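Novice: Just so it is clear, I am handing over input-v3.txt, which has compact mmCIF, C-alpha atoms.
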# COMPACT_ATOMS: atom_id res chain seq x y z
CA MET X 44 0.00 0.00 0.00
CA ASP X 45 1.23 3.47 -0.92
CA GLU X 46 1.51 5.26 2.42
CA ALA X 47 1.34 8.76 0.94
CA LEU X 48 -1.79 7.92 -1.03
CA PHE X 49 -3.40 6.32 1.99
CA ALA X 50 -2.57 9.38 4.08
CA ARG X 51 -4.51 11.59 1.63
CA PHE X 52 -7.35 9.08 1.66
CA ARG X 53 -7.35 8.98 5.46
CA LYS X 54 -7.47 12.77 5.68
CA CYS X 55 -10.66 12.80 3.57
CA ALA X 56 -12.19 10.22 5.90
CA VAL X 57 -11.21 12.17 8.99
CA ASP X 58 -12.59 15.43 7.57
CA VAL X 59 -15.85 14.12 6.18
CA LEU X 60 -16.72 11.40 8.69
CA SER X 61 -15.45 13.36 11.70
CA VAL X 62 -13.58 10.39 13.14
CA ASP X 63 -10.20 10.10 14.81
CA ASP X 64 -7.49 9.21 12.29
CA SER X 65 -6.44 6.18 14.36
CA LYS X 66 -9.81 4.64 13.48
CA VAL X 67 -9.30 4.98 9.74
CA VAL X 68 -7.53 1.66 9.15
CA TYR X 69 -7.70 -0.70 6.18
CA ASP X 70 -10.18 -3.13 7.74
CA ALA X 71 -12.44 -0.54 9.36
CA LYS X 72 -16.10 -1.03 8.51
CA PHE X 73 -18.02 2.15 7.67
CA ALA X 74 -21.17 1.25 9.54
CA ASP X 75 -19.81 -0.64 12.58
CA ASP X 76 -16.44 0.96 13.18
CA LEU X 77 -16.86 4.48 11.84
CA ASP X 78 -20.54 5.04 12.56
CA ALA X 79 -21.07 6.27 8.99
CA ASP X 80 -24.52 6.16 7.40
CA SER X 81 -25.39 6.21 3.68
CA LEU X 82 -25.35 10.00 3.53
CA ASP X 83 -21.87 10.09 5.12
CA LEU X 84 -20.68 7.67 2.45
CA VAL X 85 -22.06 9.84 -0.35
CA GLU X 86 -20.23 12.83 1.09
CA PHE X 87 -17.08 10.77 1.53
CA VAL X 88 -17.13 9.55 -2.07
CA MET X 89 -17.65 13.10 -3.31
CA ALA X 90 -14.69 14.28 -1.24
CA LEU X 91 -12.55 11.45 -2.64
CA GLU X 92 -13.58 12.32 -6.20
CA GLU X 93 -12.48 15.88 -5.58
CA GLU X 94 -9.23 14.99 -3.82
CA PHE X 95 -8.09 12.38 -6.33
CA GLY X 96 -9.70 13.78 -9.48
CA VAL X 97 -11.54 10.56 -10.21
CA SER X 98 -15.15 9.71 -10.90
CA VAL X 99 -16.87 6.88 -9.07
CA PRO X 100 -20.18 5.85 -10.62
CA GLU X 101 -22.99 4.90 -8.25
CA GLU X 102 -23.07 1.23 -9.35
CA GLU X 103 -19.40 0.69 -8.39
CA LEU X 104 -20.23 1.58 -4.79
CA GLU X 105 -22.36 -1.53 -4.44
CA GLY X 106 -20.83 -3.83 -1.82
CA ILE X 107 -18.23 -1.31 -0.65
CA GLY X 108 -18.29 -1.67 3.14
CA THR X 109 -14.77 -1.03 4.41
CA ILE X 110 -12.09 1.62 4.20
CA GLY X 111 -9.87 -0.85 2.34
CA GLN X 112 -12.48 -1.58 -0.31
CA ALA X 113 -13.09 2.11 -0.89
CA TYR X 114 -9.36 2.78 -1.03
CA GLU X 115 -8.77 0.06 -3.64
CA LEU X 116 -11.68 1.33 -5.70
CA VAL X 117 -10.18 4.81 -5.86
CA VAL X 118 -6.58 3.70 -6.34
CA ALA X 119 -7.57 1.51 -9.27
CA LYS X 120 -8.72 4.66 -11.05
CA LEU X 121 -5.50 6.63 -10.66
CA MET H 300 -20.98 40.13 8.37
CA THR H 301 -24.00 38.69 10.10
CA GLY H 302 -27.23 37.21 8.83
CA ARG H 303 -27.98 33.96 7.12
CA VAL H 304 -27.18 33.41 3.47
CA VAL H 305 -30.39 33.11 1.49
CA LEU H 306 -30.73 32.25 -2.20
CA ILE H 307 -34.04 32.77 -3.97
CA THR H 308 -34.54 31.62 -7.55
CA GLY H 309 -36.72 33.85 -9.68
CA GLY H 310 -36.21 36.60 -7.14
CA SER H 311 -36.46 39.76 -9.21
CA LYS H 312 -40.25 40.07 -9.08
CA GLY H 313 -43.47 38.67 -7.64
CA ILE H 314 -43.32 36.21 -4.76
CA GLY H 315 -39.54 35.80 -5.06
CA LEU H 316 -38.89 39.51 -4.73
CA ALA H 317 -41.28 39.81 -1.79
CA CYS H 318 -39.37 36.99 -0.07
CA ALA H 319 -36.04 38.65 -0.83
CA ARG H 320 -37.21 41.91 0.76
CA ARG H 321 -38.50 40.17 3.88
CA PHE H 322 -35.24 38.30 4.41
CA ALA H 323 -33.23 41.47 3.76
CA GLU H 324 -35.32 43.31 6.40
CA LEU H 325 -34.30 40.62 8.89
CA GLY H 326 -30.65 41.36 8.21
CA ASP H 327 -30.01 38.25 6.13
CA ARG H 328 -27.62 38.25 3.19
CA VAL H 329 -29.89 37.74 0.22
CA ALA H 330 -29.02 36.64 -3.29
CA VAL H 331 -31.56 36.24 -6.05
CA THR H 332 -31.32 34.58 -9.43
CA TYR H 333 -33.12 36.08 -12.37
CA ASN H 334 -33.55 35.19 -15.99
CA SER H 335 -34.79 38.30 -17.80
CA SER H 336 -35.27 41.33 -15.52
CA PRO H 337 -32.57 42.11 -12.92
CA PRO H 338 -33.69 42.68 -9.31
CA PRO H 339 -33.98 46.19 -7.87
CA ASP H 340 -30.89 47.80 -6.34
CA GLY H 341 -29.76 46.49 -2.99
CA LEU H 342 -30.18 42.81 -3.77
CA PHE H 343 -27.33 40.64 -4.95
CA GLY H 344 -28.59 39.44 -8.33
CA VAL H 345 -27.13 36.57 -10.33
CA LYS H 346 -28.32 35.95 -13.86
CA CYS H 347 -29.14 32.28 -14.18
CA ASP H 348 -31.24 30.09 -16.41
CA VAL H 349 -32.35 27.48 -13.88
CA THR H 350 -32.92 24.90 -16.62
CA ASP H 351 -29.15 24.79 -17.17
CA SER H 352 -27.18 22.86 -14.52
CA ALA H 353 -23.92 24.60 -15.40
CA GLN H 354 -25.52 28.01 -14.87
CA VAL H 355 -27.04 26.84 -11.59
CA ASP H 356 -23.63 25.67 -10.42
CA ALA H 357 -22.04 28.95 -11.48
CA ALA H 358 -24.75 30.96 -9.70
CA PHE H 359 -24.18 29.08 -6.44
CA SER H 360 -20.42 29.52 -6.79
CA ALA H 361 -20.92 33.26 -7.26
CA VAL H 362 -23.12 33.48 -4.18
CA GLU H 363 -20.71 31.37 -2.13
CA ALA H 364 -17.83 33.63 -3.15
CA HIS H 365 -19.80 36.76 -2.27
CA PHE H 366 -21.59 35.66 0.93
CA GLY H 367 -20.54 32.10 1.84
CA PRO H 368 -22.49 28.84 1.68
CA VAL H 369 -26.25 29.03 1.20
CA GLU H 370 -28.21 28.18 4.33
CA ILE H 371 -31.71 28.92 3.07
CA LEU H 372 -32.89 28.08 -0.43
CA VAL H 373 -36.21 29.29 -1.81
CA ALA H 374 -36.93 27.45 -5.05
CA ASN H 375 -39.40 29.87 -6.55
CA ALA H 376 -38.58 30.24 -10.23
CA GLY H 377 -41.51 29.13 -12.33
CA VAL H 378 -43.40 29.60 -15.54
CA THR H 379 -46.83 28.85 -16.95
CA LYS H 380 -47.83 27.83 -20.42
CA ASP H 381 -51.55 27.34 -20.13
CA VAL H 382 -53.33 25.40 -22.84
CA LEU H 383 -55.99 22.69 -22.88
CA LEU H 384 -54.71 19.13 -23.03
CA LEU H 385 -55.57 18.38 -26.64
CA ARG H 386 -53.78 21.52 -27.77
CA MET H 387 -50.83 21.09 -25.40
CA SER H 388 -47.65 20.09 -27.20
CA GLU H 389 -45.13 17.83 -25.60
CA ALA H 390 -42.76 20.80 -25.59
CA ASP H 391 -45.34 22.89 -23.67
CA PHE H 392 -45.44 20.16 -21.05
CA ALA H 393 -41.71 19.47 -20.91
CA THR H 394 -40.68 23.13 -20.70
CA VAL H 395 -42.92 23.86 -17.75
CA VAL H 396 -41.88 20.70 -15.89
CA ASP H 397 -38.22 21.43 -16.59
CA THR H 398 -38.44 25.00 -15.29
CA ASN H 399 -40.71 24.39 -12.31
CA LEU H 400 -39.80 20.90 -11.10
CA THR H 401 -36.51 19.70 -12.56
CA SER H 402 -34.95 23.05 -11.75
CA ALA H 403 -36.05 22.71 -8.14
CA PHE H 404 -34.18 19.41 -8.11
CA ARG H 405 -31.13 21.11 -9.67
CA VAL H 406 -30.96 23.93 -7.15
CA ALA H 407 -31.79 21.72 -4.16
CA LYS H 408 -29.07 19.26 -5.14
CA ARG H 409 -26.51 22.03 -5.46
CA ALA H 410 -27.63 23.69 -2.22
CA ALA H 411 -27.56 20.40 -0.31
CA GLN H 412 -23.80 20.08 -0.85
CA GLY H 413 -23.11 23.09 1.34
CA MET H 414 -25.97 22.38 3.75
CA LEU H 415 -24.64 18.88 4.46
CA ARG H 416 -21.26 20.34 5.32
CA GLN H 417 -22.87 22.94 7.57
CA ARG H 418 -25.17 20.32 9.11
CA LYS H 419 -28.10 22.70 8.73
CA GLY H 420 -30.28 24.18 6.06
CA ARG H 421 -33.77 25.08 4.94
CA LEU H 422 -35.16 24.08 1.56
CA ILE H 423 -38.39 25.86 0.70
CA PHE H 424 -40.27 25.06 -2.48
CA ILE H 425 -42.91 27.36 -3.88
CA SER H 426 -45.65 25.12 -5.22
CA SER H 427 -49.23 26.12 -5.95
CA VAL H 428 -52.74 25.29 -4.82
CA VAL H 429 -53.34 23.83 -8.29
CA GLY H 430 -50.75 21.12 -7.64
CA LEU H 431 -53.31 19.29 -5.54
CA LEU H 432 -56.52 20.96 -6.73
CA GLY H 433 -55.89 20.62 -10.46
CA SER H 434 -56.73 23.30 -12.97
CA ALA H 435 -58.23 23.03 -16.44
CA GLY H 436 -55.69 24.25 -18.96
CA GLN H 437 -52.79 23.84 -16.55
CA ALA H 438 -51.99 20.12 -16.71
CA ASN H 439 -48.30 20.90 -17.17
CA TYR H 440 -48.13 23.53 -14.42
CA ALA H 441 -50.23 21.50 -11.95
CA ALA H 442 -48.15 18.36 -12.57
CA SER H 443 -44.92 20.28 -11.98
CA LYS H 444 -46.26 21.85 -8.79
CA ALA H 445 -47.55 18.52 -7.44
CA GLY H 446 -44.14 17.03 -8.18
CA LEU H 447 -42.55 19.50 -5.78
CA VAL H 448 -44.43 17.84 -2.92
CA GLY H 449 -42.87 14.42 -3.59
CA LEU H 450 -39.50 16.03 -4.13
CA ALA H 451 -39.60 18.00 -0.89
CA ARG H 452 -40.89 15.10 1.19
CA SER H 453 -38.20 12.76 -0.12
CA LEU H 454 -35.53 15.32 0.69
CA ALA H 455 -37.07 15.80 4.13
CA ARG H 456 -36.44 12.10 4.76
CA GLU H 457 -32.99 12.00 3.14
CA LEU H 458 -31.57 15.07 4.81
CA GLY H 459 -33.44 15.23 8.10
CA SER H 460 -30.63 13.56 10.05
CA ARG H 461 -28.45 16.58 9.19
CA SER H 462 -30.96 19.15 10.50
CA ILE H 463 -31.95 20.15 6.99
CA THR H 464 -35.68 20.73 6.54
CA ALA H 465 -37.62 20.67 3.28
CA ASN H 466 -41.04 22.28 3.07
CA VAL H 467 -43.52 23.37 0.47
CA VAL H 468 -45.58 26.54 0.34
CA ALA H 469 -48.68 26.27 -1.80
CA PRO H 470 -50.06 29.71 -2.67
CA GLY H 471 -53.44 30.34 -4.21
CA PRO H 472 -53.88 33.21 -6.65
CA VAL H 473 -51.36 35.98 -5.94
CA ALA H 474 -51.17 39.47 -7.46
CA THR H 475 -48.11 38.96 -9.69
CA ASP H 476 -47.23 39.21 -13.37
CA MET H 477 -48.30 35.58 -13.68
CA THR H 478 -51.89 36.33 -12.67
CA ALA H 479 -51.88 39.76 -14.36
CA ALA H 480 -51.68 37.83 -17.63
CA LEU H 481 -55.09 36.25 -16.95
CA SER H 482 -58.29 37.73 -18.39
CA ASP H 483 -60.60 39.78 -16.14
CA ASP H 484 -63.27 37.10 -16.41
CA ARG H 485 -60.84 34.38 -15.36
CA MET H 486 -59.64 36.50 -12.42
CA LYS H 487 -63.25 37.10 -11.28
CA GLU H 488 -63.94 33.39 -11.48
CA LEU H 489 -60.76 32.60 -9.56
CA THR H 490 -61.45 35.18 -6.87
CA ALA H 491 -65.05 33.98 -6.46
CA ALA H 492 -63.77 30.49 -5.67
CA VAL H 493 -61.55 31.76 -2.85
CA PRO H 494 -63.33 31.79 0.54
CA LEU H 495 -61.48 34.96 1.51
CA GLY H 496 -62.76 36.52 -1.72
CA ARG H 497 -59.55 38.11 -2.93
CA VAL H 498 -56.13 37.31 -4.31
CA ALA H 499 -53.07 37.36 -2.05
CA GLN H 500 -50.37 39.98 -2.07
CA PRO H 501 -46.87 38.54 -2.62
CA GLU H 502 -45.89 39.69 0.89
CA GLU H 503 -48.47 37.32 2.35
CA ILE H 504 -46.65 34.38 0.79
CA ALA H 505 -43.27 35.78 1.81
CA GLY H 506 -44.33 35.90 5.47
CA VAL H 507 -44.85 32.15 5.51
CA VAL H 508 -41.59 31.49 3.66
CA VAL H 509 -39.69 33.57 6.20
CA PHE H 510 -41.41 31.67 9.01
CA LEU H 511 -40.38 28.30 7.54
CA ALA H 512 -36.79 29.56 7.48
CA SER H 513 -36.97 30.78 11.09
CA ALA H 514 -35.81 29.12 14.31
CA ASP H 515 -39.47 28.69 15.27
CA ALA H 516 -39.94 26.30 12.32
CA ALA H 517 -36.95 24.07 13.14
CA TYR H 518 -39.21 21.06 13.79
CA ILE H 519 -41.34 21.47 10.66
CA THR H 520 -40.28 19.37 7.69
CA GLY H 521 -42.11 17.72 4.82
CA ALA H 522 -45.03 20.07 5.33
CA VAL H 523 -47.19 21.53 2.60
CA VAL H 524 -48.40 24.88 3.88
CA PRO H 525 -51.39 26.31 2.03
CA VAL H 526 -51.47 30.08 1.70
CA ASP H 527 -54.47 30.20 -0.54
CA GLY H 528 -57.31 32.04 1.17
CA GLY H 529 -59.00 28.67 1.66
CA LEU H 530 -59.18 27.79 -2.04
CA GLY H 531 -57.56 24.40 -1.63
CA MET H 532 -59.33 23.29 1.54
CA GLY H 533 -59.67 19.53 1.74
CA HIS H 534 -56.85 18.78 -0.65
Translate this file's structure into structure tokens.

Specialist:
Amino acid sequence: MDEALFARFRKCAVDVLSVDDSKVVYDAKFADDLDADSLDLVEFVMALEEEFGVSVPEEELEGIGTIGQAYELVVAKL
Amino acid sequence: MTGRVVLITGGSKGIGLACARRFAELGDRVAVTYNSSPPPDGLFGVKCDVTDSAQVDAAFSAVEAHFGPVEILVANAGVTKDVLLLRMSEADFATVVDTNLTSAFRVAKRAAQGMLRQRKGRLIFISSVVGLLGSAGQANYAASKAGLVGLARSLARELGSRSITANVVAPGPVATDMTAALSDDRMKELTAAVPLGRVAQPEEIAGVVVFLASADAAYITGAVVPVDGGLGMGH
């Protein structure tokens, strides 16, 4: 994993989801570990799109439940 | 600077302008979008065709740069193209729905971005009594105005957890350019059907809009507030 990339990703999560950065780890689950609801996720994805200059279509978000899954989805587009 | 940031679409005349003046009197920072005629001096006007998403985005960006993020949105811009069904072209229908309903979606979507970040906001949609009452010759207009109710109530559910409310104001006949275009006979007929026996002044609609944006209305969301002199009672 690219530490610098993940650091940018983590900062988005910290800003948008208002969580402590120690909680934003690869295996963290949005709902259980980060207390994020569907609206939080929409905001998070929009922040990621802006930060990384990528576009994530709605259908690709299906089944994305952890920080790691979201990270891989974005990284694959860079 | 103090005061809330308010954006009113179609704010250079009629109900929109009356709302703009009421908010300005309260010390709010008021921006209005307009399509043809600019607003009077003292209001921050942004030219914007609300049927164009790029122009809507640009208008919000201009307001955000001037005042900051929009906290109160009044989706008021609207048109009529009255014609009986069999003479109504698909373009007549589509244009009115695009301007009155799809544009409300466009501006609400853009406004919600900033409201979500602020964890507060008021979305106020100007509908019409005919949305639920129906009106011969206004199938397009009535459909668009009824659509605002479903739009607002869905947003009330989607955004409620972030202290964003979405409400609808449903005016009856109001003394504006829109009703000035009606024939005297039609106006008499319309007025006769109103229990209060007269049309509303735009300020009477604005008073309710300002209330829905106030702290006193913090627990009201998904409501359709009739301001119609009793015309729509029972609907």

Novice: Taking all atoms listed in the file into account and nothing else, which residues of chain X lie no more than 10 Å away from chain H? Please answer as a list in words.

Specialist: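 Here they are: Val59, Asp80, Ser81, Leu82, Asp83, Glu86 and Met89 of chain X.
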
Novice: Closest to Val524 (chain H) among H:Gly430, H:Gly459, H:Gly302, H:Pro470, using only C-alpha atoms?

Specialist: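 Counting only C-alpha atoms, the residue closest to Val524 (chain H) is H:Pro470.
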
Novice: Using only C-alpha atoms, pick whichever of X:Val97, X:Val85, X:Leu77, X:Leu116 has the shortest atom-to-atom distance to Val57 (chain X).

Specialist: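 Between X:Val97, X:Val85, X:Leu77, X:Leu116, the residue approaching Val57 (chain X) most closely is X:Leu77.
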
Novice: Write out as a tab-separated table a residue-level contact list of region 386-421 of chain H versus region 354-374 of chain H with cut-off 12 Å: for each qualifying residue the closest pair of atoms and the distance in Å to one decimal, counting all atoms listed in the file, rows sorted by chain and residue number upward.

Specialist:
residue	atom	partner	partner_atom	distance
H:Thr398	CA	H:Ala374	CA	10.6
H:Asn399	CA	H:Ala374	CA	8.7
H:Leu400	CA	H:Ala374	CA	9.4
H:Thr401	CA	H:Ala374	CA	10.8
H:Ser402	CA	H:Ala374	CA	8.3
H:Ala403	CA	H:Ala374	CA	5.7
H:Phe404	CA	H:Ala374	CA	9.0
H:Arg405	CA	H:Val355	CA	7.3
H:Val406	CA	H:Val355	CA	6.6
H:Ala407	CA	H:Leu372	CA	7.5
H:Lys408	CA	H:Asp356	CA	9.9
H:Arg409	CA	H:Asp356	CA	6.8
H:Ala410	CA	H:Val369	CA	6.5
H:Ala411	CA	H:Val369	CA	8.9
H:Gln412	CA	H:Pro368	CA	9.2
H:Gly413	CA	H:Pro368	CA	5.8
H:Met414	CA	H:Glu370	CA	6.2
H:Leu415	CA	H:Glu370	CA	10.0
H:Arg416	CA	H:Pro368	CA	9.3
H:Gln417	CA	H:Glu370	CA	8.2
H:Arg418	CA	H:Glu370	CA	9.7
H:Lys419	CA	H:Glu370	CA	7.0
H:Gly420	CA	H:Glu370	CA	4.8
H:Arg421	CA	H:Ile371	CA	4.7

Novice: Please measure the separation of CA of Thr109 (chain X) and CA of Phe52 (chain X), giving the value in Å to one decimal.

Specialist: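 According to the coordinates, CA of Thr109 (chain X) and CA of Phe52 (chain X) are separated by 12.8 Å.
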
Novice: Please give the centre and size of the box around region 449-459 of chain H (axis-aligned, containing every atom listed in the file, 6 Å added per side), with values in Å to one decimal and written as lines of an AutoDock Vina configuration file.

Specialist:
center_x = -37.2
center_y = 15.0
center_z = 2.0
size_x = 23.3
size_y = 18.0
size_z = 24.2
